[in-house]
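File shown: data14.txt. Contents: compact mmCIF, C-alpha atoms.
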```txt
# COMPACT_ATOMS: atom_id res chain seq x y z
CA MET A 147 -185.53 147.88 144.65
CA ILE A 148 -183.00 150.65 144.88
CA ALA A 149 -183.09 151.68 148.45
CA ALA A 150 -180.64 154.49 148.59
CA ILE A 151 -181.30 157.06 145.93
CA PRO A 152 -181.98 160.54 147.15
CA ALA A 153 -185.01 162.12 145.59
CA LEU A 154 -184.40 165.38 143.83
CA LYS A 155 -187.19 167.87 143.96
CA MET A 156 -186.07 170.52 141.60
CA PRO A 157 -188.21 171.82 138.77
CA ILE A 158 -185.49 171.72 136.19
CA ARG A 159 -187.29 173.36 133.31
CA ALA A 160 -188.70 176.30 135.15
CA GLU A 161 -185.48 177.25 136.83
CA ALA A 162 -182.75 176.23 134.52
CA GLY A 163 -179.76 178.41 135.16
CA LEU A 164 -180.57 178.92 138.80
CA PRO A 165 -178.30 176.55 140.62
CA ARG A 166 -179.67 175.38 143.86
CA ARG A 167 -178.26 173.14 146.50
CA VAL A 168 -180.29 170.03 146.90
CA PRO A 169 -180.16 168.46 150.30
CA ALA A 170 -178.79 164.96 150.02
CA ARG A 171 -181.83 163.40 151.48
CA LEU A 172 -181.70 159.64 151.45
CA SER A 173 -184.94 157.81 151.21
CA ILE A 174 -184.61 154.36 152.59
CA GLY A 175 -186.96 151.87 151.02
CA ALA A 176 -188.31 150.58 154.30
CA SER A 177 -189.18 154.04 155.54
CA LYS A 178 -191.21 155.01 152.51
CA GLY A 179 -194.41 154.70 154.43
CA PRO A 180 -196.52 152.15 156.16
CA LYS A 181 -198.58 151.20 153.12
CA ALA A 182 -197.83 147.79 151.71
CA LYS A 183 -195.78 147.69 148.56
CA VAL A 184 -198.03 147.27 145.56
CA ASP A 185 -197.29 144.22 143.48
CA TRP A 186 -197.15 145.81 140.04
CA ALA A 187 -196.24 142.52 138.41
CA ASP A 188 -199.42 140.98 139.78
CA LEU A 189 -201.50 143.86 138.39
CA ILE A 190 -199.86 143.49 134.98
CA GLY A 191 -200.58 139.76 135.15
CA ARG A 192 -204.25 140.48 135.81
CA VAL A 193 -204.41 142.81 132.82
CA ALA A 194 -202.82 140.10 130.69
CA ALA A 195 -205.03 137.30 131.98
CA ASN A 196 -208.46 138.89 131.72
CA GLY A 197 -208.20 142.54 130.78
CA ASP A 198 -208.76 143.57 134.39
CA ARG A 199 -209.79 147.21 134.13
CA GLU A 200 -209.40 147.93 137.83
CA ALA A 201 -205.87 146.57 137.87
CA PHE A 202 -205.10 148.64 134.79
CA LYS A 203 -206.51 151.75 136.37
CA ARG A 204 -204.17 151.37 139.34
CA LEU A 205 -201.22 150.96 136.98
CA PHE A 206 -202.38 154.00 135.05
CA GLU A 207 -202.81 156.18 138.10
CA HIS A 208 -199.40 155.27 139.42
CA PHE A 209 -197.30 155.22 136.29
CA ALA A 210 -198.82 157.71 133.84
CA PRO A 211 -198.01 160.79 135.97
CA ARG A 212 -194.53 159.46 136.71
CA ILE A 213 -193.78 158.78 133.07
CA LYS A 214 -194.91 162.29 132.31
CA GLY A 215 -192.74 163.63 135.13
CA LEU A 216 -189.68 161.76 133.93
CA MET A 217 -190.20 162.81 130.32
CA LEU A 218 -190.52 166.45 131.38
CA LYS A 219 -187.25 166.16 133.27
CA ALA A 220 -185.63 164.63 130.24
CA GLY A 221 -186.58 167.63 128.13
CA CYS A 222 -189.90 166.72 126.46
CA SER A 223 -192.57 169.36 126.04
CA SER A 224 -195.71 168.99 128.12
CA ASP A 225 -197.70 167.74 125.12
CA GLU A 226 -195.01 165.24 124.19
CA ALA A 227 -194.73 164.00 127.76
CA GLU A 228 -198.52 163.59 127.98
CA GLU A 229 -198.65 161.72 124.68
CA ILE A 230 -195.80 159.42 125.68
CA ALA A 231 -197.42 158.73 129.06
CA GLN A 232 -200.75 157.81 127.48
CA SER A 233 -199.22 155.74 124.71
CA THR A 234 -197.04 153.90 127.21
CA LEU A 235 -200.07 152.81 129.20
CA ILE A 236 -201.82 151.68 126.04
CA ALA A 237 -198.74 149.60 125.26
CA VAL A 238 -198.74 148.23 128.81
CA TRP A 239 -202.27 146.99 128.19
CA ARG A 240 -201.45 145.50 124.81
CA LYS A 241 -198.11 143.97 125.79
CA ALA A 242 -199.06 142.86 129.29
CA HIS A 243 -198.81 139.22 128.23
CA GLN A 244 -195.18 139.78 127.22
CA PHE A 245 -194.13 140.98 130.64
CA ASP A 246 -191.90 138.51 132.41
CA PRO A 247 -191.19 139.43 136.02
CA ALA A 248 -188.15 137.14 135.99
CA THR A 249 -186.33 139.32 133.48
CA ALA A 250 -187.29 142.83 134.54
CA GLY A 251 -189.05 144.67 137.31
CA ALA A 252 -192.33 146.30 136.32
CA PRO A 253 -190.97 149.88 136.58
CA ALA A 254 -187.95 149.03 134.42
CA TRP A 255 -190.18 147.32 131.86
CA ILE A 256 -192.54 150.30 131.74
CA PHE A 257 -189.55 152.63 131.46
CA THR A 258 -188.29 150.75 128.39
CA ILE A 259 -191.70 151.07 126.73
CA ALA A 260 -191.80 154.82 127.40
CA ARG A 261 -188.22 155.19 126.20
CA ASN A 262 -188.95 153.41 122.93
CA LEU A 263 -192.07 155.46 122.36
CA ARG A 264 -190.11 158.64 122.87
CA ILE A 265 -187.52 157.50 120.34
CA ASP A 266 -190.28 156.63 117.90
CA LEU A 267 -191.99 159.96 118.45
CA PHE A 268 -188.83 161.89 117.61
CA ARG A 269 -188.16 159.78 114.53
CA ARG A 270 -191.71 160.08 113.30
CA ARG A 271 -191.58 163.81 113.75
CA ALA A 272 -188.28 164.07 111.88
CA ARG A 273 -189.69 162.00 109.04
CA THR A 274 -192.83 164.13 108.90
CA ASP A 275 -190.78 167.32 108.88
CA ARG A 276 -188.68 165.96 106.08
CA LEU A 277 -191.69 164.93 104.05
CA GLN A 278 -193.34 168.29 104.53
CA ALA A 279 -190.18 170.02 103.41
CA GLY A 280 -190.68 168.07 100.22
CA SER A 281 -187.00 167.38 99.95
CA GLU A 282 -187.11 163.68 99.21
CA LEU A 283 -189.13 160.50 99.18
CA PRO A 284 -192.56 162.12 99.18
CA ASP A 285 -194.45 159.03 98.13
CA GLU A 286 -192.89 156.49 100.35
CA PRO A 287 -194.86 154.74 103.04
CA ASP A 288 -193.86 155.12 106.63
CA GLN A 289 -191.10 152.88 107.81
CA ALA A 290 -191.52 150.53 110.69
CA GLU A 291 -190.58 152.12 113.96
CA PRO A 292 -187.37 150.36 114.65
CA ALA A 293 -186.60 151.61 118.14
CA ASP A 294 -186.75 148.34 119.90
CA ILE A 295 -184.03 146.16 118.67
CA LEU A 296 -184.58 142.91 120.47
CA ILE A 297 -182.15 142.38 123.27
CA SER A 298 -182.04 138.87 124.56
CA ARG A 299 -182.67 138.93 128.23
CA GLY A 300 -181.33 136.26 130.45
CA GLN A 301 -183.10 135.21 133.57
CA ASP A 302 -180.96 137.50 135.62
CA ALA A 303 -183.09 140.40 136.82
CA ALA A 304 -182.38 139.46 140.42
CA ARG A 305 -178.63 139.32 139.84
CA ILE A 306 -178.66 142.67 138.10
CA ALA A 307 -180.75 144.19 140.87
CA LEU A 308 -178.19 142.84 143.34
CA ALA A 309 -175.37 144.34 141.33
CA ILE A 310 -176.79 147.85 141.16
CA ARG A 311 -177.40 147.80 144.89
CA GLN A 312 -173.66 147.62 145.26
CA LEU A 313 -173.27 151.06 143.74
CA SER A 314 -172.98 153.76 146.34
CA ALA A 315 -175.88 156.18 146.73
CA GLU A 316 -173.68 158.88 145.23
CA GLN A 317 -172.88 156.75 142.22
CA SER A 318 -176.51 155.77 141.58
CA MET A 319 -177.50 159.39 141.88
CA VAL A 320 -175.02 160.69 139.39
CA VAL A 321 -175.89 157.97 136.86
CA ARG A 322 -179.52 158.81 137.23
CA LEU A 323 -179.11 162.55 136.87
CA SER A 324 -176.78 162.27 133.93
CA PHE A 325 -178.26 159.46 131.89
CA ILE A 326 -181.89 159.12 132.90
CA GLU A 327 -182.86 162.68 133.70
CA GLU A 328 -180.40 163.84 131.06
CA ARG A 329 -179.14 166.85 132.92
CA PRO A 330 -176.02 168.57 131.69
CA HIS A 331 -172.94 168.05 133.85
CA PRO A 332 -172.68 171.68 135.04
CA GLU A 333 -176.23 171.49 136.29
CA ILE A 334 -175.52 168.25 138.15
CA ALA A 335 -172.49 169.91 139.68
CA SER A 336 -174.54 172.78 141.05
CA ALA A 337 -177.43 170.52 142.07
CA LEU A 338 -175.12 168.31 144.11
CA GLY A 339 -172.79 171.10 145.16
CA ILE A 340 -169.68 169.40 143.81
CA PRO A 341 -167.11 170.57 141.25
CA LEU A 342 -167.68 169.80 137.58
CA GLY A 343 -164.58 167.62 137.50
CA THR A 344 -165.97 165.53 140.34
CA VAL A 345 -169.20 164.98 138.40
CA LYS A 346 -167.27 163.64 135.45
CA SER A 347 -165.00 161.42 137.51
CA ARG A 348 -167.89 160.14 139.59
CA ILE A 349 -169.82 159.14 136.48
CA ARG A 350 -166.72 157.42 135.14
CA LEU A 351 -166.17 155.56 138.41
CA ALA A 352 -169.83 154.54 138.62
CA MET A 353 -169.76 153.17 135.07
CA ASN A 354 -166.57 151.20 135.71
CA ARG A 355 -167.83 149.91 139.03
CA LEU A 356 -171.08 148.72 137.49
CA ARG A 357 -169.23 146.97 134.71
CA ASP A 358 -166.87 145.30 137.21
CA ILE A 359 -169.69 144.14 139.45
CA LEU A 360 -171.63 142.71 136.53
CA ASP A 361 -168.52 140.95 135.22
CA GLU A 362 -167.89 139.39 138.62
CA GLU A 363 -171.46 138.19 138.80
CA ALA A 364 -171.33 136.62 135.39
CA MET B 232 -167.91 134.17 118.58
CA THR B 233 -165.78 135.81 121.20
CA ILE B 234 -166.35 139.51 121.51
CA SER B 235 -163.37 141.35 122.88
CA HIS B 236 -164.10 144.98 122.03
CA HIS B 237 -167.15 146.60 123.57
CA PRO B 238 -168.72 150.06 123.44
CA PRO B 239 -167.64 152.42 126.21
CA GLU B 240 -169.96 152.33 129.21
CA ASP B 241 -171.29 155.84 128.79
CA LEU B 242 -172.41 154.98 125.28
CA LEU B 243 -174.22 151.90 126.63
CA ALA B 244 -175.86 154.01 129.33
CA ASP B 245 -176.98 156.57 126.76
CA PHE B 246 -178.33 153.72 124.66
CA ALA B 247 -180.28 152.34 127.63
CA ALA B 248 -181.69 155.78 128.36
CA GLY B 249 -182.75 156.22 124.73
CA LYS B 250 -180.51 159.26 124.29
CA LEU B 251 -178.42 158.17 121.34
CA GLU B 252 -179.14 159.53 117.94
CA GLU B 253 -180.58 157.09 115.48
CA ALA B 254 -177.45 155.86 113.70
CA HIS B 255 -175.58 155.35 116.95
CA HIS B 256 -178.59 153.69 118.55
CA LEU B 257 -178.65 151.27 115.67
CA VAL B 258 -174.97 150.27 115.84
CA VAL B 259 -174.87 150.00 119.63
CA GLY B 260 -178.17 148.11 119.58
CA VAL B 261 -176.96 145.51 117.12
CA HIS B 262 -173.85 145.00 119.24
CA VAL B 263 -175.88 144.68 122.43
CA SER B 264 -178.31 142.23 120.83
CA GLY B 265 -175.38 139.87 120.28
CA CYS B 266 -173.37 140.56 123.42
CA ALA B 267 -174.62 139.12 126.73
CA ARG B 268 -172.13 141.21 128.69
CA CYS B 269 -173.32 144.53 127.30
CA ALA B 270 -176.95 143.41 127.46
CA ARG B 271 -176.50 142.95 131.21
CA PHE B 272 -175.05 146.43 131.51
CA VAL B 273 -177.95 147.91 129.56
CA GLN B 274 -180.42 146.04 131.76
CA ALA B 275 -178.72 147.42 134.84
CA ILE B 276 -179.18 150.97 133.57
CA GLU B 277 -182.81 150.15 132.73
CA GLN B 278 -183.29 148.94 136.31
CA LEU B 279 -181.85 152.21 137.58
CA ALA B 280 -184.22 154.03 135.25
CA GLY B 281 -187.11 152.00 136.64
CA ALA B 282 -186.11 153.09 140.14
CA ALA B 283 -185.92 156.69 138.94
CA LEU B 284 -189.40 156.34 137.45
CA GLU B 285 -190.72 155.19 140.82
CA GLU B 286 -189.24 158.16 142.61
CA VAL B 287 -189.71 160.96 140.13
CA GLU B 288 -192.14 163.68 141.02
CA PRO B 289 -195.43 162.84 139.27
CA ALA B 290 -196.73 165.39 136.77
CA ALA B 291 -200.44 166.10 136.45
CA ILE B 292 -202.01 164.09 133.66
CA ALA B 293 -204.84 165.43 131.52
CA PRO B 294 -208.15 164.97 133.38
CA ASP B 295 -209.67 162.84 130.63
CA ALA B 296 -206.48 160.86 129.99
CA PHE B 297 -207.70 157.56 131.42
CA ASP B 298 -210.90 157.61 129.37
CA ARG B 299 -209.00 158.52 126.26
CA VAL B 300 -206.55 155.71 126.84
CA MET B 301 -209.39 153.22 127.36
CA SER B 302 -211.12 154.28 124.18
CA ARG B 303 -207.89 154.09 122.22
CA ILE B 304 -207.32 150.61 123.62
CA HIS B 305 -210.72 149.49 122.36
CA GLU B 306 -210.16 150.83 118.90
CA ALA B 307 -208.66 148.30 116.57
CA PRO B 308 -204.89 148.62 116.63
CA LYS B 309 -203.70 150.73 113.74
CA GLN B 310 -202.60 148.74 110.79
CA ILE B 311 -199.22 150.06 109.91
CA ALA B 312 -198.23 149.44 106.35
CA ALA B 313 -195.54 146.82 106.32
CA PRO B 314 -192.25 148.39 105.37
CA PRO B 315 -190.38 147.10 102.39
CA LEU B 316 -188.12 144.56 103.99
CA ALA B 317 -184.74 143.59 102.80
CA SER B 318 -185.05 140.26 101.10
CA ALA B 319 -184.43 137.29 103.35
CA THR B 320 -181.98 136.02 100.79
CA ASP B 321 -180.03 139.25 101.01
CA ASP B 322 -177.03 137.87 102.83
CA ASP B 323 -175.55 141.31 103.38
CA VAL B 324 -178.30 142.25 105.76
CA PRO B 325 -178.19 140.85 109.29
CA PRO B 326 -181.54 140.05 110.93
CA ALA B 327 -181.32 143.07 113.25
CA LEU B 328 -181.41 145.35 110.22
CA ARG B 329 -184.29 143.72 108.36
CA LYS B 330 -186.69 146.41 109.54
CA TYR B 331 -184.70 149.08 107.75
CA ARG B 332 -184.77 150.15 104.18
CA ILE B 333 -181.30 149.64 102.84
CA GLY B 334 -180.05 151.21 99.66
CA LYS B 335 -178.33 149.55 96.76
CA ARG B 336 -174.72 148.65 97.01
CA ARG B 337 -172.39 151.29 95.62
CA ARG B 338 -168.81 150.57 94.74
CA VAL B 339 -166.72 153.36 96.15
CA ALA B 340 -163.23 152.07 95.41
CA PRO B 341 -161.67 148.82 94.31
CA GLY B 342 -162.60 146.24 96.93
CA LEU B 343 -164.78 148.68 98.85
CA SER B 344 -168.54 149.09 98.62
CA LEU B 345 -171.25 150.48 100.83
CA ARG B 346 -174.99 150.32 101.24
CA PRO B 347 -176.64 153.32 102.93
CA ILE B 348 -179.25 152.61 105.59
CA GLU B 349 -182.24 154.85 105.45
CA LEU B 350 -182.88 156.61 108.74
CA SER B 351 -185.66 158.96 109.78
CA GLY B 352 -183.48 162.04 109.63
CA SER B 353 -183.83 162.80 113.34
CA GLY B 354 -180.08 162.71 113.84
CA THR B 355 -177.03 163.96 112.03
CA ALA B 356 -175.02 160.74 111.78
CA ARG B 357 -175.20 158.49 108.74
CA ALA B 358 -175.38 154.71 108.91
CA PHE B 359 -174.21 152.30 106.26
CA LEU B 360 -172.99 148.79 105.66
CA LEU B 361 -169.40 148.75 104.48
CA ARG B 362 -167.97 145.75 102.70
CA SER B 363 -164.29 145.47 102.02
CA ALA B 364 -162.31 142.79 100.24
CA PRO B 365 -160.12 140.35 102.16
CA GLY B 366 -156.58 141.52 102.68
CA SER B 367 -157.31 145.05 101.59
CA ARG B 368 -155.80 147.95 103.38
CA MET B 369 -158.36 150.58 104.16
CA LEU B 370 -157.50 154.12 103.34
CA GLU B 371 -155.63 156.00 105.92
CA HIS B 372 -158.11 158.35 107.45
CA THR B 373 -158.89 160.62 110.34
CA HIS B 374 -162.25 161.80 111.58
CA THR B 375 -163.68 165.17 112.30
CA GLY B 376 -166.52 163.54 114.18
CA THR B 377 -167.06 160.08 115.58
CA GLU B 378 -167.24 156.74 113.89
CA LEU B 379 -168.89 153.72 115.44
CA THR B 380 -168.10 150.45 113.73
CA LEU B 381 -169.49 147.01 114.37
CA VAL B 382 -167.98 144.03 112.62
CA LEU B 383 -170.64 141.71 111.22
CA GLU B 384 -168.44 139.34 109.21
CA GLY B 385 -164.74 138.92 108.66
CA SER B 386 -162.25 141.04 110.55
CA PHE B 387 -159.94 144.00 110.44
CA SER B 388 -156.98 145.03 112.51
CA HIS B 389 -155.40 148.33 113.41
CA GLU B 390 -153.18 149.53 116.20
CA GLY B 391 -156.09 149.07 118.62
CA GLY B 392 -156.16 145.32 118.04
CA ARG B 393 -158.01 142.78 115.95
CA PHE B 394 -161.74 143.26 115.44
CA GLY B 395 -163.85 140.21 114.53
CA PRO B 396 -167.61 139.56 114.37
CA GLY B 397 -169.46 141.33 117.16
CA ASP B 398 -166.54 143.58 118.02
CA PHE B 399 -167.22 147.27 118.38
CA ASP B 400 -164.74 149.97 117.44
CA TYR B 401 -165.06 153.57 118.52
CA GLY B 402 -163.13 156.17 116.57
CA ASP B 403 -163.02 159.89 117.13
CA ASP B 404 -160.87 162.75 116.04
CA GLU B 405 -158.05 161.48 118.24
CA VAL B 406 -157.66 158.42 116.11
CA ASP B 407 -155.68 158.19 112.95
CA HIS B 408 -155.99 154.66 111.75
CA ARG B 409 -155.43 152.55 108.77
CA PRO B 410 -157.20 149.24 109.23
CA ILE B 411 -156.14 146.13 107.40
CA VAL B 412 -158.88 143.68 106.49
CA GLY B 413 -158.25 140.06 107.50
CA ASP B 414 -157.43 137.47 104.86
CA GLU B 415 -160.17 135.03 105.84
CA GLY B 416 -162.88 136.70 103.80
CA PRO B 417 -164.61 139.99 103.06
CA CYS B 418 -165.20 142.23 106.03
CA LEU B 419 -168.74 143.50 106.50
CA CYS B 420 -169.21 146.30 108.98
CA LEU B 421 -172.11 148.37 110.21
CA VAL B 422 -170.92 151.95 110.55
CA ALA B 423 -172.40 155.10 112.07
CA MET B 424 -170.56 158.27 111.29
CA THR B 425 -170.83 161.89 112.25
CA GLY B 426 -168.74 164.66 110.87
CA ASP B 427 -166.47 164.15 107.95
CA LEU B 428 -164.04 161.44 107.25
CA ARG B 429 -160.79 162.93 106.07
CA MET B 430 -159.20 160.61 103.66
CA ASN B 431 -155.50 161.10 103.44
CA GLY B 432 -153.67 160.70 100.19
CA PHE B 433 -154.61 160.91 96.57
CA LEU B 434 -157.17 158.14 96.41
CA GLY B 435 -158.85 159.38 99.54
CA ARG B 436 -159.25 162.84 98.09
CA LEU B 437 -160.57 161.29 94.95
CA ILE B 438 -163.27 159.13 96.50
CA GLY B 439 -164.03 161.35 99.48
CA PRO B 440 -166.54 163.60 97.75
CA PHE B 441 -167.99 160.72 95.81
CA VAL B 442 -168.97 158.62 98.82
CA ARG B 443 -169.98 161.66 100.83
CA LEU B 444 -168.20 160.24 103.84
```

Take the structure I supplied and represent it as structure tokens, if you would.
Amino acid sequence: MIAAIPALKMPIRAEAGLPRRVPARLSIGASKGPKAKVDWADLIGRVAANGDREAFKRLFEHFAPRIKGLMLKAGCSSDEAEEIAQSTLIAVWRKAHQFDPATAGAPAWIFTIARNLRIDLFRRRARTDRLQAGSELPDEPDQAEPADILISRGQDAARIALAIRQLSAEQSMVVRLSFIEERPHPEIASALGIPLGTVKSRIRLAMNRLRDILDEEA
Amino acid sequence: MTISHHPPEDLLADFAAGKLEEAHHLVVGVHVSGCARCARFVQAIEQLAGAALEEVEPAAIAPDAFDRVMSRIHEAPKQIAAPPLASATDDDVPPALRKYRIGKRRRVAPGLSLRPIELSGSGTARAFLLRSAPGSRMLEHTHTGTELTLVLEGSFSHEGGRFGPGDFDYGDDEVDHRPIVGDEGPCLCLVAMTGDLRMNGFLGRLIGPFVRL
């Protein structure tokens, strides 16, 4: 979907504070390997239609380790990342019938599930801590987990995919490092070998560009 | 409803990534749920996140993870006790907030009342519904932190423009504003606030400690 995003291979947690140049290696979608692209949407459809365990296992084997990897990058502990990865796949099974390939790609859909579970995990933990501290509301039942406010989704996944392809590789990269992998700006600066000020301005430009492209498409 | 004031893009991106603290997540989320333009932006960031998920280095999963997931799937889904919902006849509470426990309305000044929204406590910002009478002039105030405001009903104006239903206003310590509520009716806002609100003037000092703003 996004052809031109360089992959960063830098164990952020283990070596925080040790800046390292990352070669700006571009992975082009077509050169990812000879194996045919797996149709994740089809696998999710099979899980929804008849609880296809084999299809689910392929989803699990592909996505669970990646969810865990992304959550580790974003600062979760290993236990938290494992729990979020497992819970996400359980939700994929249970919500498979809600997946609509016209409104989101499978990876984006699975990301949103993992994201919401992480939010819920942090809220639940905060609530538990508060209850254990005995400060207030000891007898109250748990609240609903309100992470996923319903966002109406138009039938425009393809248009949005088209729009983000218009971002430059540099812009996509900086958005990803800053917002999705949640790395602090100084770390992005040393990872990409650019000045801190450039990181900030590049993020700004990427945000504005994305907004402009989406407005034009609308 | 024409929305003319939107959250800044970095706030939308943080929302899409799930990075915002709870009160901010709530206010931005309610805006996005009613704003097709911002929903598209959020979806774009989610697509980028999906691409990142595809390319991230996989981390080793527990050896028995798949079996554990399958057995959890075959357990009956946990019955979560239904939360006490705001009454459907409670016209102060927009549908997006019905999952939250919302406190009783407290009058904080003539023509000004608020209802606190109960959050998990994972963040530091407070969230509340603020209702102000038509035509009233809000207290002159400055912030020590940030204030995210979403208009739900009515309108207010300050030097940044007019803010009607769906409009989003972002205030930080740079801003010193004194909004005037529109004449057409009461103004109901959803507000997330970090830091302290410094009320200027006598009345502000008087009510400041009381409302814990």

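The space separating CA of Ser224 in chain A from CA of Gly251 in chain A comes to 26.8 Å.
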
Excluding range 261-270 of chain A and its own-chain neighbours fewer than 3 positions away, which residues fall within 9 Å of it when counting all atoms listed in the file? Please give them as a list of chain:residue names.
A:Met217, A:Cys222, A:Glu226, A:Ala227, A:Ile230, A:Ser233, A:Thr234, A:Ile256, A:Phe257, A:Thr258, A:Arg273, A:Thr274, A:Asp275, A:Asp288, A:Glu291, A:Pro292, A:Ala293, A:Asp294, B:Ala247, B:Ala248, B:Gly249, B:Lys250, B:Glu252, B:Glu253, B:Leu350, B:Ser351, B:Gly352, B:Ser353, B:Gly354

If you take all atoms listed in the file and a cut-off of 6 Å, which residues of chain A touch chain B, and what are their nearest atom pairs and distances in Å to one decimal, in chain and number order, as CSV?
```
residue,atom,partner,partner_atom,distance
A:Pro211,CA,B:Pro289,CA,4.7
A:Arg212,CA,B:Pro289,CA,4.3
A:Lys214,CA,B:Ala290,CA,5.7
A:Gly215,CA,B:Ala290,CA,4.7
A:Pro253,CA,B:Gly281,CA,4.4
A:Ala254,CA,B:Gly281,CA,3.8
A:Phe257,CA,B:Gly281,CA,5.8
A:Arg261,CA,B:Gly249,CA,5.8
A:Arg269,CA,B:Ser353,CA,5.4
A:Ala272,CA,B:Ser353,CA,4.9
A:Arg273,CA,B:Ser351,CA,5.1
A:Gln289,CA,B:Pro314,CA,5.2
A:Ala290,CA,B:Pro314,CA,5.8
A:Ile297,CA,B:Ser264,CA,4.6
A:Ile306,CA,B:Ala275,CA,5.8
A:Ile326,CA,B:Ala248,CA,5.6
A:Met353,CA,B:Glu240,CA,5.9
```

Any chance you could export the current selection's C-alpha atoms as a compact mmCIF listing (two decimals), in the frame of the given file?
```txt
# COMPACT_ATOMS: atom_id res chain seq x y z
CA PRO A 211 -198.01 160.79 135.97
CA ARG A 212 -194.53 159.46 136.71
CA LYS A 214 -194.91 162.29 132.31
CA GLY A 215 -192.74 163.63 135.13
CA PRO A 253 -190.97 149.88 136.58
CA ALA A 254 -187.95 149.03 134.42
CA PHE A 257 -189.55 152.63 131.46
CA ARG A 261 -188.22 155.19 126.20
CA ARG A 269 -188.16 159.78 114.53
CA ALA A 272 -188.28 164.07 111.88
CA ARG A 273 -189.69 162.00 109.04
CA GLN A 289 -191.10 152.88 107.81
CA ALA A 290 -191.52 150.53 110.69
CA ILE A 297 -182.15 142.38 123.27
CA ILE A 306 -178.66 142.67 138.10
CA ILE A 326 -181.89 159.12 132.90
CA MET A 353 -169.76 153.17 135.07
```

How many Å lie between CA of Val193 in chain A and CA of Ile213 in chain A, rounded to one decimal?
19.2 Å

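Taking CA of Ala187 in chain A and CA of Ala252 in chain A as endpoints, the distance between them is 5.8 Å.
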
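For His237 in chain B, the non-local neighbours within 8 Å, defined as residues at least 3 positions apart in the same chain or in other chains and counting all atoms listed in the file, are Ile234, Cys269, Asp398, Phe399 and Asp400 of chain B.
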
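Using all atoms listed in the file for every distance, the candidate list A:Arg357, A:His331, A:Arg311, A:Lys183 yields A:His331 as the residue closest to Thr344 in chain A.
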
Give the padded box for range 284-296 of chain B as lines of an AutoDock Vina configuration file: axis-aligned, covering all atoms listed in the file, 4 Å on each side, centre and edge lengths in Å to one decimal.
```
center_x = -199.5
center_y = 160.6
center_z = 136.3
size_x = 28.4
size_y = 18.9
size_z = 20.6
```

Would you list the contacts of Thr233 in chain B as a PDB file with C-alpha atoms, in the coordinates of the input, taking every protein, DNA or RNA residue within 9 Å and counting all atoms listed in the file, but skipping same-chain residues closer than 5 positions in sequence?
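Generated file (part_30.pdb):
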```pdb
ATOM      1  CA  GLY B 395    -163.850 140.210 114.530  1.00  0.00           C
ATOM      2  CA  PRO B 396    -167.610 139.560 114.370  1.00  0.00           C
ATOM      3  CA  GLY B 397    -169.460 141.330 117.160  1.00  0.00           C
ATOM      4  CA  ASP B 398    -166.540 143.580 118.020  1.00  0.00           C
TER       5      ASP B 398
END
```

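Of the residues listed (A:Ile236, A:Leu342, A:Ala210, A:Ala242), A:Ala242 shows the shortest atom-to-atom separation from Leu189 in chain A; distances use all atoms listed in the file.
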
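In this comparison, which uses all atoms listed in the file, the residue of A:Ala304, A:Ala352, A:Val238, A:Ala195 approaching Phe209 in chain A most closely is A:Val238.
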
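Shortest atom-to-atom contact with Ala358 in chain B among B:Arg337, B:Leu383, B:Ser235, B:Leu421: B:Leu421, counting only C-alpha atoms.
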
Could you rebuild range 352-361 of chain A with N, CA and C atoms and give me the result as an mmCIF file, in the frame of the given file?
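For reference, result-v4.cif as written:
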```cif
data_model
loop_
_atom_site.group_PDB
_atom_site.id
_atom_site.type_symbol
_atom_site.label_atom_id
_atom_site.label_comp_id
_atom_site.auth_asym_id
_atom_site.auth_seq_id
_atom_site.Cartn_x
_atom_site.Cartn_y
_atom_site.Cartn_z
ATOM 1 N N ALA A 352 -168.581 155.310 138.494
ATOM 2 C CA ALA A 352 -169.830 154.540 138.620
ATOM 3 C C ALA A 352 -169.975 153.567 137.460
ATOM 4 N N MET A 353 -169.660 154.028 136.253
ATOM 5 C CA MET A 353 -169.760 153.170 135.070
ATOM 6 C C MET A 353 -168.810 151.970 135.201
ATOM 7 N N ASN A 354 -167.560 152.267 135.582
ATOM 8 C CA ASN A 354 -166.570 151.200 135.710
ATOM 9 C C ASN A 354 -166.963 150.209 136.801
ATOM 10 N N ARG A 355 -167.442 150.758 137.905
ATOM 11 C CA ARG A 355 -167.830 149.910 139.030
ATOM 12 C C ARG A 355 -168.962 148.975 138.603
ATOM 13 N N LEU A 356 -169.943 149.541 137.912
ATOM 14 C CA LEU A 356 -171.080 148.720 137.490
ATOM 15 C C LEU A 356 -170.604 147.618 136.557
ATOM 16 N N ARG A 357 -169.749 147.967 135.629
ATOM 17 C CA ARG A 357 -169.230 146.970 134.710
ATOM 18 C C ARG A 357 -168.485 145.863 135.483
ATOM 19 N N ASP A 358 -167.641 146.276 136.431
ATOM 20 C CA ASP A 358 -166.870 145.300 137.210
ATOM 21 C C ASP A 358 -167.789 144.367 138.000
ATOM 22 N N ILE A 359 -168.792 144.960 138.645
ATOM 23 C CA ILE A 359 -169.690 144.140 139.450
ATOM 24 C C ILE A 359 -170.403 143.122 138.565
ATOM 25 N N LEU A 360 -170.894 143.602 137.418
ATOM 26 C CA LEU A 360 -171.630 142.710 136.530
ATOM 27 C C LEU A 360 -170.716 141.616 135.982
ATOM 28 N N ASP A 361 -169.460 141.960 135.717
ATOM 29 C CA ASP A 361 -168.520 140.950 135.220
ATOM 30 C C ASP A 361 -168.234 139.893 136.284
#
```
